[in-house]
file model26.cif (mmCIF, C-alpha atoms)
data_run
loop_
_atom_site.label_atom_id
_atom_site.label_comp_id
_atom_site.auth_asym_id
_atom_site.auth_seq_id
_atom_site.Cartn_x
_atom_site.Cartn_y
_atom_site.Cartn_z
CA MET A 1070 -87.15 33.46 -44.03
CA ALA A 1071 -84.09 35.44 -45.16
CA ALA A 1072 -81.02 33.26 -45.62
CA ALA A 1073 -77.27 33.75 -45.90
CA PHE A 1074 -74.87 31.26 -47.47
CA VAL A 1075 -71.43 31.29 -45.83
CA PHE A 1076 -68.14 29.70 -46.83
CA PRO A 1077 -65.42 28.28 -44.53
CA GLY A 1078 -61.79 29.28 -44.27
CA GLN A 1079 -58.48 27.56 -43.62
CA GLY A 1080 -58.52 24.91 -40.91
CA SER A 1081 -61.68 23.24 -42.20
CA GLN A 1082 -59.77 21.06 -44.67
CA ALA A 1083 -59.66 17.27 -44.33
CA VAL A 1084 -58.36 14.58 -46.66
CA GLY A 1085 -61.30 13.07 -48.55
CA MET A 1086 -63.51 16.17 -48.39
CA GLY A 1087 -65.83 16.45 -51.37
CA ARG A 1088 -65.02 12.99 -52.69
CA ALA A 1089 -68.45 11.46 -52.03
CA LEU A 1090 -70.08 14.46 -53.70
CA ALA A 1091 -67.88 14.11 -56.79
CA GLU A 1092 -68.64 10.39 -56.99
CA ALA A 1093 -72.39 10.97 -56.69
CA PHE A 1094 -72.95 14.17 -58.68
CA ALA A 1095 -71.60 15.29 -62.06
CA PRO A 1096 -71.85 19.04 -61.23
CA ALA A 1097 -69.46 18.50 -58.30
CA ARG A 1098 -67.02 16.53 -60.49
CA SER A 1099 -67.01 19.33 -63.04
CA VAL A 1100 -65.96 21.89 -60.39
CA PHE A 1101 -62.97 19.77 -59.35
CA ASP A 1102 -62.07 19.28 -63.03
CA GLU A 1103 -62.27 23.04 -63.58
CA VAL A 1104 -60.00 23.76 -60.60
CA ASP A 1105 -57.50 21.09 -61.72
CA ALA A 1106 -57.42 22.62 -65.21
CA ALA A 1107 -57.00 26.16 -63.86
CA LEU A 1108 -54.02 25.11 -61.71
CA GLY A 1109 -52.52 22.77 -64.28
CA GLU A 1110 -52.32 19.92 -61.76
CA ARG A 1111 -54.50 17.33 -60.05
CA LEU A 1112 -55.28 19.18 -56.84
CA SER A 1113 -58.33 16.92 -56.56
CA ASP A 1114 -56.00 13.94 -56.05
CA ILE A 1115 -54.40 15.71 -53.06
CA ILE A 1116 -57.84 16.68 -51.70
CA TRP A 1117 -59.17 13.13 -51.84
CA ASN A 1118 -56.05 11.06 -51.17
CA GLY A 1119 -53.66 13.33 -49.28
CA PRO A 1120 -51.20 13.14 -47.72
CA GLY A 1121 -52.63 15.44 -45.07
CA GLU A 1122 -49.48 17.53 -44.72
CA THR A 1123 -49.58 18.32 -48.45
CA LEU A 1124 -53.25 19.30 -48.35
CA THR A 1125 -52.60 21.49 -45.30
CA LEU A 1126 -49.98 23.57 -47.13
CA THR A 1127 -51.53 27.01 -47.46
CA GLU A 1128 -51.09 27.06 -51.24
CA ASN A 1129 -53.13 23.84 -51.50
CA ALA A 1130 -55.63 24.25 -48.65
CA GLN A 1131 -56.93 27.58 -49.92
CA PRO A 1132 -57.95 26.56 -53.48
CA ALA A 1133 -59.00 23.13 -52.17
CA LEU A 1134 -61.52 24.55 -49.70
CA MET A 1135 -62.92 26.86 -52.38
CA ALA A 1136 -63.28 23.88 -54.75
CA VAL A 1137 -65.25 21.88 -52.18
CA SER A 1138 -67.53 24.82 -51.37
CA LEU A 1139 -68.32 25.48 -55.02
CA ALA A 1140 -68.83 21.77 -55.70
CA VAL A 1141 -71.41 21.67 -52.89
CA LEU A 1142 -73.11 24.79 -54.24
CA ARG A 1143 -73.33 23.39 -57.79
CA VAL A 1144 -75.00 20.27 -56.42
CA LEU A 1145 -77.43 22.38 -54.38
CA GLU A 1146 -78.30 24.25 -57.57
CA ALA A 1147 -78.76 21.08 -59.63
CA GLU A 1148 -80.44 18.85 -57.04
CA ALA A 1149 -82.33 21.26 -54.77
CA GLY A 1150 -83.05 24.11 -57.17
CA VAL A 1151 -81.05 26.66 -55.20
CA ASP A 1152 -80.67 30.02 -56.91
CA LEU A 1153 -78.53 32.34 -54.81
CA ALA A 1154 -79.91 35.48 -56.45
CA ARG A 1155 -83.38 34.39 -55.30
CA ASP A 1156 -82.62 32.41 -52.15
CA ALA A 1157 -79.81 34.35 -50.45
CA ALA A 1158 -79.97 37.80 -48.90
CA PHE A 1159 -76.16 37.75 -48.50
CA VAL A 1160 -73.12 35.58 -48.99
CA ALA A 1161 -69.97 35.79 -46.87
CA GLY A 1162 -66.81 33.81 -46.24
CA HIS A 1163 -64.16 33.58 -43.54
CA SER A 1164 -60.80 34.78 -44.91
CA LEU A 1165 -60.18 32.65 -48.03
CA GLY A 1166 -63.90 31.82 -47.87
CA GLU A 1167 -64.56 35.33 -49.17
CA TYR A 1168 -63.17 34.16 -52.53
CA SER A 1169 -65.59 31.19 -52.40
CA ALA A 1170 -68.44 33.62 -51.67
CA LEU A 1171 -67.43 35.83 -54.59
CA ALA A 1172 -67.22 32.83 -56.94
CA ALA A 1173 -70.61 31.62 -55.67
CA ALA A 1174 -72.06 35.05 -56.42
CA GLU A 1175 -70.39 34.99 -59.87
CA ALA A 1176 -68.27 38.07 -59.21
CA ILE A 1177 -65.22 36.00 -60.16
CA SER A 1178 -64.97 32.71 -62.04
CA ILE A 1179 -64.11 29.45 -60.29
CA ALA A 1180 -60.94 29.19 -62.37
CA ASP A 1181 -59.82 32.70 -61.41
CA ALA A 1182 -60.67 32.02 -57.76
CA ALA A 1183 -58.50 28.89 -57.83
CA ARG A 1184 -55.55 30.72 -59.40
CA LEU A 1185 -55.90 33.70 -57.05
CA LEU A 1186 -56.02 31.45 -53.99
CA ARG A 1187 -52.93 29.55 -55.15
CA ILE A 1188 -51.11 32.90 -55.47
CA ARG A 1189 -52.54 34.07 -52.13
CA GLY A 1190 -51.54 30.89 -50.34
CA ARG A 1191 -47.97 31.00 -51.62
CA ALA A 1192 -47.63 34.74 -50.99
CA MET A 1193 -48.96 34.48 -47.44
CA GLN A 1194 -46.62 31.57 -46.73
CA THR A 1195 -43.48 33.28 -48.06
CA ALA A 1196 -44.13 36.84 -46.82
CA VAL A 1197 -42.56 36.09 -43.42
CA PRO A 1198 -39.58 33.78 -42.72
CA VAL A 1199 -40.60 30.53 -41.05
CA GLY A 1200 -40.50 30.94 -37.27
CA ALA A 1201 -40.55 34.75 -37.33
CA GLY A 1202 -44.31 35.03 -36.97
CA ALA A 1203 -46.95 33.37 -34.83
CA MET A 1204 -50.66 33.37 -33.97
CA ALA A 1205 -52.48 32.79 -30.69
CA ALA A 1206 -56.10 32.24 -29.70
CA LEU A 1207 -57.65 34.06 -26.77
CA ILE A 1208 -60.81 32.41 -25.42
CA GLY A 1209 -63.25 34.19 -23.13
CA VAL A 1210 -62.30 37.73 -24.09
CA GLU A 1211 -64.17 40.61 -25.69
CA PHE A 1212 -62.71 42.06 -28.86
CA ALA A 1213 -61.87 45.44 -27.30
CA GLU A 1214 -59.88 43.75 -24.52
CA ALA A 1215 -58.07 41.55 -27.07
CA GLU A 1216 -57.11 44.67 -29.02
CA ALA A 1217 -55.78 46.27 -25.83
CA ILE A 1218 -53.70 43.15 -25.09
CA ALA A 1219 -52.33 43.22 -28.65
CA ALA A 1220 -51.49 46.92 -28.34
CA GLU A 1221 -49.56 46.33 -25.10
CA ALA A 1222 -47.72 43.34 -26.60
CA SER A 1223 -46.81 45.28 -29.75
CA ARG A 1224 -43.95 46.92 -27.83
CA ALA A 1225 -42.15 43.65 -28.61
CA GLY A 1226 -43.05 43.75 -32.32
CA VAL A 1227 -46.08 43.55 -34.59
CA CYS A 1228 -49.15 42.19 -32.77
CA ALA A 1229 -52.71 42.64 -34.00
CA ALA A 1230 -56.18 41.14 -33.72
CA ALA A 1231 -56.40 38.92 -36.79
CA ASN A 1232 -59.78 37.21 -36.38
CA ASP A 1233 -62.77 38.41 -34.37
CA ASN A 1234 -64.57 35.08 -34.45
CA GLY A 1235 -67.21 35.94 -31.87
CA ALA A 1236 -68.39 34.24 -28.72
CA GLY A 1237 -65.31 35.45 -26.88
CA GLN A 1238 -62.83 33.99 -29.37
CA VAL A 1239 -60.20 36.35 -30.82
CA VAL A 1240 -57.06 35.31 -32.69
CA LEU A 1241 -53.93 37.47 -32.48
CA SER A 1242 -51.19 37.53 -35.10
CA GLY A 1243 -47.74 39.06 -35.47
CA ALA A 1244 -44.08 38.68 -34.57
CA LYS A 1245 -43.44 35.53 -32.52
CA SER A 1246 -41.97 37.41 -29.55
CA ALA A 1247 -44.89 39.86 -29.45
CA VAL A 1248 -47.55 37.16 -29.73
CA GLU A 1249 -45.88 35.15 -26.97
CA ARG A 1250 -45.88 38.32 -24.89
CA ALA A 1251 -49.61 38.79 -25.61
CA VAL A 1252 -50.34 35.29 -24.30
CA GLU A 1253 -48.55 36.12 -21.05
CA ILE A 1254 -50.38 39.45 -20.75
CA ALA A 1255 -53.71 37.71 -21.38
CA LYS A 1256 -53.04 35.13 -18.70
CA GLY A 1257 -52.08 37.92 -16.30
CA ARG A 1258 -55.39 39.65 -17.02
CA GLY A 1259 -57.37 36.51 -16.21
CA VAL A 1260 -58.35 35.61 -19.78
CA LYS A 1261 -59.97 32.16 -19.66
CA ARG A 1262 -57.56 30.56 -22.18
CA ALA A 1263 -54.64 31.91 -24.18
CA MET A 1264 -52.69 29.54 -26.38
CA MET A 1265 -50.27 29.60 -29.29
CA LEU A 1266 -51.63 28.09 -32.52
CA PRO A 1267 -49.81 25.60 -34.77
CA VAL A 1268 -49.78 27.81 -37.89
CA SER A 1269 -47.14 28.33 -40.53
CA ALA A 1270 -47.42 32.12 -40.88
CA PRO A 1271 -48.87 35.16 -39.06
CA PHE A 1272 -52.01 35.68 -41.14
CA HIS A 1273 -54.00 38.93 -41.17
CA CYS A 1274 -51.41 41.31 -39.78
CA ALA A 1275 -49.07 43.99 -41.13
CA MET A 1276 -46.24 41.48 -41.56
CA LEU A 1277 -48.11 40.12 -44.57
CA GLN A 1278 -47.88 43.36 -46.58
CA PRO A 1279 -45.75 41.62 -49.26
CA ALA A 1280 -48.63 39.18 -49.77
CA ALA A 1281 -51.12 42.05 -49.99
CA ASP A 1282 -48.94 43.61 -52.71
CA ALA A 1283 -48.87 40.27 -54.56
CA MET A 1284 -52.67 40.07 -54.43
CA ALA A 1285 -53.06 43.64 -55.69
CA ALA A 1286 -50.95 42.70 -58.72
CA ALA A 1287 -52.81 39.42 -59.29
CA LEU A 1288 -56.29 40.93 -58.90
CA ALA A 1289 -55.44 43.68 -61.40
CA LYS A 1290 -55.33 40.98 -64.09
CA VAL A 1291 -58.68 39.38 -63.22
CA ALA A 1292 -62.17 40.28 -64.40
CA VAL A 1293 -64.33 41.13 -61.37
CA LYS A 1294 -68.06 41.66 -61.93
CA PRO A 1295 -70.82 42.92 -59.63
CA PRO A 1296 -71.98 39.90 -57.58
CA ARG A 1297 -75.47 38.47 -58.06
CA VAL A 1298 -75.85 38.59 -54.25
CA PRO A 1299 -74.40 41.18 -51.85
CA VAL A 1300 -71.11 39.95 -50.37
CA VAL A 1301 -70.41 40.90 -46.75
CA ALA A 1302 -66.72 41.81 -46.72
CA ASN A 1303 -64.41 40.61 -43.93
CA VAL A 1304 -62.68 43.96 -43.47
CA LEU A 1305 -65.87 46.07 -43.47
CA ALA A 1306 -68.54 43.77 -42.00
CA GLN A 1307 -70.74 45.44 -44.61
CA PRO A 1308 -72.01 44.30 -48.02
CA ILE A 1309 -70.07 45.28 -51.14
CA SER A 1310 -71.01 44.99 -54.80
CA GLU A 1311 -68.84 47.43 -56.74
CA PRO A 1312 -65.94 45.58 -58.45
CA SER A 1313 -63.23 48.10 -57.51
CA MET A 1314 -64.34 47.96 -53.86
CA ILE A 1315 -64.30 44.13 -53.97
CA VAL A 1316 -60.68 44.22 -55.18
CA ARG A 1317 -59.72 46.77 -52.55
CA CYS A 1318 -61.27 44.72 -49.75
CA LEU A 1319 -59.55 41.53 -50.93
CA VAL A 1320 -56.18 43.29 -50.85
CA GLU A 1321 -56.86 44.85 -47.42
CA GLN A 1322 -58.09 41.51 -46.10
CA VAL A 1323 -54.56 40.00 -46.29
CA THR A 1324 -53.29 42.30 -43.52
CA GLY A 1325 -56.65 43.30 -41.98
CA THR A 1326 -58.87 41.82 -39.29
CA VAL A 1327 -61.44 39.20 -40.28
CA ARG A 1328 -64.49 40.83 -38.67
CA TRP A 1329 -66.58 37.66 -38.57
CA ARG A 1330 -68.59 38.45 -35.43
CA GLU A 1331 -69.63 41.84 -36.79
CA SER A 1332 -70.38 40.34 -40.21
CA VAL A 1333 -72.78 37.80 -38.71
CA LEU A 1334 -74.42 40.43 -36.51
CA PHE A 1335 -74.84 42.70 -39.54
CA MET A 1336 -76.64 39.93 -41.43
CA VAL A 1337 -78.86 39.12 -38.45
CA GLN A 1338 -79.76 42.80 -38.02
CA ALA A 1339 -80.57 42.92 -41.74
CA GLY A 1340 -83.16 40.18 -41.22
CA VAL A 1341 -81.24 36.93 -41.84
CA THR A 1342 -82.69 34.09 -39.76
CA ALA A 1343 -81.06 31.09 -41.49
CA PHE A 1344 -77.37 30.47 -42.20
CA PHE A 1345 -76.12 27.68 -44.45
CA GLU A 1346 -72.40 26.82 -44.23
CA VAL A 1347 -71.45 25.50 -47.66
CA GLY A 1348 -68.36 23.29 -47.91
CA ALA A 1349 -66.01 21.37 -45.64
CA GLY A 1350 -66.46 21.07 -41.89
CA LYS A 1351 -68.72 22.84 -39.42
CA VAL A 1352 -66.48 25.56 -37.99
CA LEU A 1353 -68.58 28.53 -39.12
CA ALA A 1354 -71.83 26.89 -38.04
CA GLY A 1355 -70.40 26.53 -34.54
CA LEU A 1356 -69.30 30.17 -34.44
CA ILE A 1357 -72.60 31.48 -35.82
CA LYS A 1358 -74.65 29.48 -33.30
CA ARG A 1359 -72.79 31.26 -30.51
CA ILE A 1360 -73.01 34.72 -32.11
CA ALA A 1361 -76.67 34.49 -33.20
CA GLU A 1362 -78.32 32.08 -30.79
CA THR A 1363 -81.79 32.34 -32.33
CA ALA A 1364 -80.67 31.75 -35.92
CA ASN A 1365 -81.29 28.49 -37.77
CA VAL A 1366 -77.79 27.24 -38.68
CA SER A 1367 -76.74 24.18 -40.69
CA SER A 1368 -73.70 22.85 -42.54
CA ILE A 1369 -73.92 21.34 -46.02
CA GLY A 1370 -70.95 19.36 -47.28
CA THR A 1371 -71.95 15.73 -47.96
CA PRO A 1372 -74.55 13.91 -50.08
CA GLU A 1373 -76.48 13.25 -46.85
CA ASP A 1374 -76.48 16.98 -46.04
CA ILE A 1375 -77.77 17.70 -49.55
CA ALA A 1376 -80.58 15.18 -49.07
CA ARG A 1377 -81.56 16.76 -45.73
CA PHE A 1378 -81.53 20.24 -47.24
CA LYS A 1379 -83.66 19.08 -50.16
CA ALA A 1380 -86.17 17.36 -47.85
CA ALA A 1381 -86.45 20.46 -45.65
CA ARG A 1382 -87.26 22.59 -48.69
CA GLY A 1383 -90.07 20.18 -49.58
#
call {"tool": "encode", "arguments": {"input": "model26.cif", "output": "structure tokens"}}
result
Amino acid sequence: MAAAFVFPGQGSQAVGMGRALAEAFAPARSVFDEVDAALGERLSDIIWNGPGETLTLTENAQPALMAVSLAVLRVLEAEAGVDLARDAAFVAGHSLGEYSALAAAEAISIADAARLLRIRGRAMQTAVPVGAGAMAALIGVEFAEAEAIAAEASRAGVCAAANDNGAGQVVLSGAKSAVERAVEIAKGRGVKRAMMLPVSAPFHCAMLQPAADAMAAALAKVAVKPPRVPVVANVLAQPISEPSMIVRCLVEQVTGTVRWRESVLFMVQAGVTAFFEVGAGKVLAGLIKRIAETANVSSIGTPEDIARFKAARG
């Protein structure tokens, strides 16, 4: 049974995530300690105690979600004998989750991932003035149609397909006026649902070029190694292993489309039959179940999930 380990992106955060793991397992505690040290502050206190609006800030949510994912993975390694190089055909992550995947595959260190995601979060938040950008979800639409809607709406400003999440769910991003126009166009075309999203910035579109430039500068100072497991890149929906290509894809990812549907289909076509979502929430598991209906999909984020995983492995 070929397996892929996948790592969630922004939106999966919740106050208290990872706390039970840290209380029960020393390897999880050490990950949170490492992230706190890398950032020079107690991010773990915000993760476990909130307030929610502070955790949700992009500059906090991004390193926090990576910390929880890597804490879960370290416990899987210690308690269930997981070895990604042996047990995973691929790793992948949704948006910021790609940094978690790279840290899991030891292409970058946890400390560097935390610092990069803090820079990324701040840069993505400040690249566009508050209120100038927006995002919208289209439900019940194929990707090609969503792209056509975005192209028509772009007469009013930047509008692009930001996330191809699969199962008829596509997220658009861009200038507020253009995204609002896209929602109206979608409704006029009979799209099942089209709604504005409560986000603080227009992620994954050309308006975030300043953030892409910031990440290029930050990544130039970080040691990136070939991953122990092939990483399926968001912008390519193909595996990458060469460090310079990893850096390039991470920079392009800031303004590029998260090709999640194609990434999952690539892994399935390459023989993956089991997907394990590692970290907070169950968002990716839900998406994967709709993209790859015959795959075995599970989420691992709590001590109970660890126990189930361990029992299933025998």
call {"tool": "closest_residue", "arguments": {"input": "model26.cif", "among": "A:Ala1280, A:Ala1270, A:Ala1071, A:Ile1218", "to": "A:Leu1186", "atoms": "all atoms listed in the file"}}
result
A:Ala1280
call {"tool": "resolve_selection", "arguments": {"input": "model26.cif", "expression": "the PyMOL selection byres ((chain A and resi 1168) around 10)", "output": "list of chain:residue names"}}
result
A:Phe1076, A:Gly1078, A:Gln1131, A:Pro1132, A:Met1135, A:Ala1161, A:Gly1162, A:His1163, A:Ser1164, A:Leu1165, A:Gly1166, A:Glu1167, A:Ser1169, A:Ala1170, A:Leu1171, A:Ala1172, A:Ala1173, A:Ala1174, A:Ala1176, A:Ile1177, A:Ser1178, A:Ile1179, A:Asp1181, A:Ala1182, A:Ala1183, A:Leu1185, A:Leu1186, A:Leu1319
call {"tool": "residues_around", "arguments": {"input": "model26.cif", "residues": "A:Met1086", "least_positions_apart": "3", "cutoff": "8 Å", "atoms": "all atoms listed in the file", "output": "number ranges by chain"}}
result
A: 1082-1083, 1089, 1116-1117, 1137, 1349
call {"tool": "write_last_selection", "arguments": {"input": "model26.cif", "atoms": "C-alpha atoms", "output": "mmCIF file, keeping the file's coordinate frame"}}
result
data_model
loop_
_atom_site.group_PDB
_atom_site.id
_atom_site.type_symbol
_atom_site.label_atom_id
_atom_site.label_comp_id
_atom_site.auth_asym_id
_atom_site.auth_seq_id
_atom_site.Cartn_x
_atom_site.Cartn_y
_atom_site.Cartn_z
ATOM 1 C CA GLN A 1082 -59.770 21.060 -44.670
ATOM 2 C CA ALA A 1083 -59.660 17.270 -44.330
ATOM 3 C CA ALA A 1089 -68.450 11.460 -52.030
ATOM 4 C CA ILE A 1116 -57.840 16.680 -51.700
ATOM 5 C CA TRP A 1117 -59.170 13.130 -51.840
ATOM 6 C CA VAL A 1137 -65.250 21.880 -52.180
ATOM 7 C CA ALA A 1349 -66.010 21.370 -45.640
#
call {"tool": "resolve_selection", "arguments": {"input": "model26.cif", "expression": "the PyMOL selection byres ((chain A and resi 1276) around 12)", "output": "ChimeraX atom specification"}}
result
/A:1192-1198,1201-1204,1226-1229,1231,1242-1245,1270-1275,1277-1282,1323-1325
call {"tool": "closest_residue", "arguments": {"input": "model26.cif", "among": "A:Val1347, A:Asp1114, A:Thr1127, A:Val1100", "to": "A:Val1268", "atoms": "only C-alpha atoms"}}
result
A:Thr1127
call {"tool": "resolve_selection", "arguments": {"input": "model26.cif", "expression": "the PyMOL selection byres ((chain A and resi 1350) around 8)", "output": "ChimeraX atom specification"}}
result
/A:1077,1081-1082,1348-1349,1351-1352,1368,1370
call {"tool": "residues_around", "arguments": {"input": "model26.cif", "residues": "A:Val1210", "least_positions_apart": "4", "cutoff": "12 Å", "atoms": "all atoms listed in the file", "output": "list of chain:residue names"}}
result
A:Ala1206, A:Glu1214, A:Ala1215, A:Glu1216, A:Ala1217, A:Ile1218, A:Ala1230, A:Asp1233, A:Asn1234, A:Gly1235, A:Ala1236, A:Gly1237, A:Gln1238, A:Val1239, A:Val1240, A:Leu1241, A:Ala1255, A:Lys1256, A:Arg1258, A:Gly1259, A:Val1260, A:Lys1261, A:Arg1262, A:Ala1263
call {"tool": "write_last_selection", "arguments": {"input": "model26.cif", "atoms": "C-alpha atoms", "output": "mmCIF file, keeping the file's coordinate frame"}}
result
data_model
loop_
_atom_site.group_PDB
_atom_site.id
_atom_site.type_symbol
_atom_site.label_atom_id
_atom_site.label_comp_id
_atom_site.auth_asym_id
_atom_site.auth_seq_id
_atom_site.Cartn_x
_atom_site.Cartn_y
_atom_site.Cartn_z
ATOM 1 C CA ALA A 1206 -56.100 32.240 -29.700
ATOM 2 C CA GLU A 1214 -59.880 43.750 -24.520
ATOM 3 C CA ALA A 1215 -58.070 41.550 -27.070
ATOM 4 C CA GLU A 1216 -57.110 44.670 -29.020
ATOM 5 C CA ALA A 1217 -55.780 46.270 -25.830
ATOM 6 C CA ILE A 1218 -53.700 43.150 -25.090
ATOM 7 C CA ALA A 1230 -56.180 41.140 -33.720
ATOM 8 C CA ASP A 1233 -62.770 38.410 -34.370
ATOM 9 C CA ASN A 1234 -64.570 35.080 -34.450
ATOM 10 C CA GLY A 1235 -67.210 35.940 -31.870
ATOM 11 C CA ALA A 1236 -68.390 34.240 -28.720
ATOM 12 C CA GLY A 1237 -65.310 35.450 -26.880
ATOM 13 C CA GLN A 1238 -62.830 33.990 -29.370
ATOM 14 C CA VAL A 1239 -60.200 36.350 -30.820
ATOM 15 C CA VAL A 1240 -57.060 35.310 -32.690
ATOM 16 C CA LEU A 1241 -53.930 37.470 -32.480
ATOM 17 C CA ALA A 1255 -53.710 37.710 -21.380
ATOM 18 C CA LYS A 1256 -53.040 35.130 -18.700
ATOM 19 C CA ARG A 1258 -55.390 39.650 -17.020
ATOM 20 C CA GLY A 1259 -57.370 36.510 -16.210
ATOM 21 C CA VAL A 1260 -58.350 35.610 -19.780
ATOM 22 C CA LYS A 1261 -59.970 32.160 -19.660
ATOM 23 C CA ARG A 1262 -57.560 30.560 -22.180
ATOM 24 C CA ALA A 1263 -54.640 31.910 -24.180
#
call {"tool": "residues_around", "arguments": {"input": "model26.cif", "residues": "A:Ala1147", "least_positions_apart": "5", "cutoff": "12 Å", "atoms": "only C-alpha atoms", "output": "list in words"}}
result
Phe1094, Ala1095, Pro1096, Ala1097, Ala1140, Val1141, Leu1142, Asp1152, Ile1375 and Lys1379 of chain A
call {"tool": "write_last_selection", "arguments": {"input": "model26.cif", "atoms": "C-alpha atoms", "output": "JSON list (two decimals), in the frame of the given file"}}
result
[["chain", "number", "residue", "atom", "x", "y", "z"],
["A", 1094, "PHE", "CA", -72.95, 14.17, -58.68],
["A", 1095, "ALA", "CA", -71.60, 15.29, -62.06],
["A", 1096, "PRO", "CA", -71.85, 19.04, -61.23],
["A", 1097, "ALA", "CA", -69.46, 18.50, -58.30],
["A", 1140, "ALA", "CA", -68.83, 21.77, -55.70],
["A", 1141, "VAL", "CA", -71.41, 21.67, -52.89],
["A", 1142, "LEU", "CA", -73.11, 24.79, -54.24],
["A", 1152, "ASP", "CA", -80.67, 30.02, -56.91],
["A", 1375, "ILE", "CA", -77.77, 17.70, -49.55],
["A", 1379, "LYS", "CA", -83.66, 19.08, -50.16]]
call {"tool": "closest_residue", "arguments": {"input": "model26.cif", "among": "A:Ala1180, A:Ile1254, A:Ala1289, A:Ala1205", "to": "A:Asp1102", "atoms": "all atoms listed in the file"}}
result
A:Ala1180
call {"tool": "closest_residue", "arguments": {"input": "model26.cif", "among": "A:Ser1099, A:Ser1223, A:Gln1079, A:Thr1342", "to": "A:Asn1129", "atoms": "only C-alpha atoms"}}
result
A:Gln1079
call {"tool": "atom_distance", "arguments": {"input": "model26.cif", "atom1": "atom CA of A:Gly1383", "atom2": "atom CA of A:Ser1332"}}
result
29.7 Å
call {"tool": "build_atoms", "arguments": {"input": "model26.cif", "residues": "stretch 1236-1248 of chain A", "atoms": "N, CA and C atoms", "output": "tab-separated table (two decimals), in the frame of the given file"}}
result
chain	number	residue	atom	x	y	z
A	1236	ALA	N	-68.21	35.10	-29.88
A	1236	ALA	CA	-68.39	34.24	-28.72
A	1236	ALA	C	-67.14	34.20	-27.86
A	1237	GLY	N	-66.48	35.35	-27.73
A	1237	GLY	CA	-65.31	35.45	-26.88
A	1237	GLY	C	-64.05	34.83	-27.44
A	1238	GLN	N	-64.01	34.58	-28.75
A	1238	GLN	CA	-62.83	33.99	-29.37
A	1238	GLN	C	-62.18	35.00	-30.32
A	1239	VAL	N	-60.96	35.41	-29.99
A	1239	VAL	CA	-60.20	36.35	-30.82
A	1239	VAL	C	-58.83	35.75	-31.08
A	1240	VAL	N	-58.38	35.81	-32.33
A	1240	VAL	CA	-57.06	35.31	-32.69
A	1240	VAL	C	-56.12	36.49	-32.92
A	1241	LEU	N	-54.95	36.44	-32.29
A	1241	LEU	CA	-53.93	37.47	-32.48
A	1241	LEU	C	-52.86	36.96	-33.44
A	1242	SER	N	-52.20	37.90	-34.12
A	1242	SER	CA	-51.19	37.53	-35.10
A	1242	SER	C	-50.07	38.56	-35.08
A	1243	GLY	N	-48.84	38.11	-35.39
A	1243	GLY	CA	-47.74	39.06	-35.47
A	1243	GLY	C	-46.39	38.40	-35.29
A	1244	ALA	N	-45.43	39.19	-34.84
A	1244	ALA	CA	-44.08	38.68	-34.57
A	1244	ALA	C	-44.15	37.69	-33.41
A	1245	LYS	N	-43.37	36.61	-33.51
A	1245	LYS	CA	-43.44	35.53	-32.52
A	1245	LYS	C	-43.24	36.05	-31.10
A	1246	SER	N	-42.25	36.91	-30.90
A	1246	SER	CA	-41.97	37.41	-29.55
A	1246	SER	C	-43.14	38.22	-29.01
A	1247	ALA	N	-43.77	39.02	-29.88
A	1247	ALA	CA	-44.89	39.86	-29.45
A	1247	ALA	C	-46.13	39.03	-29.14
A	1248	VAL	N	-46.38	38.01	-29.96
A	1248	VAL	CA	-47.55	37.16	-29.73
A	1248	VAL	C	-47.37	36.34	-28.46
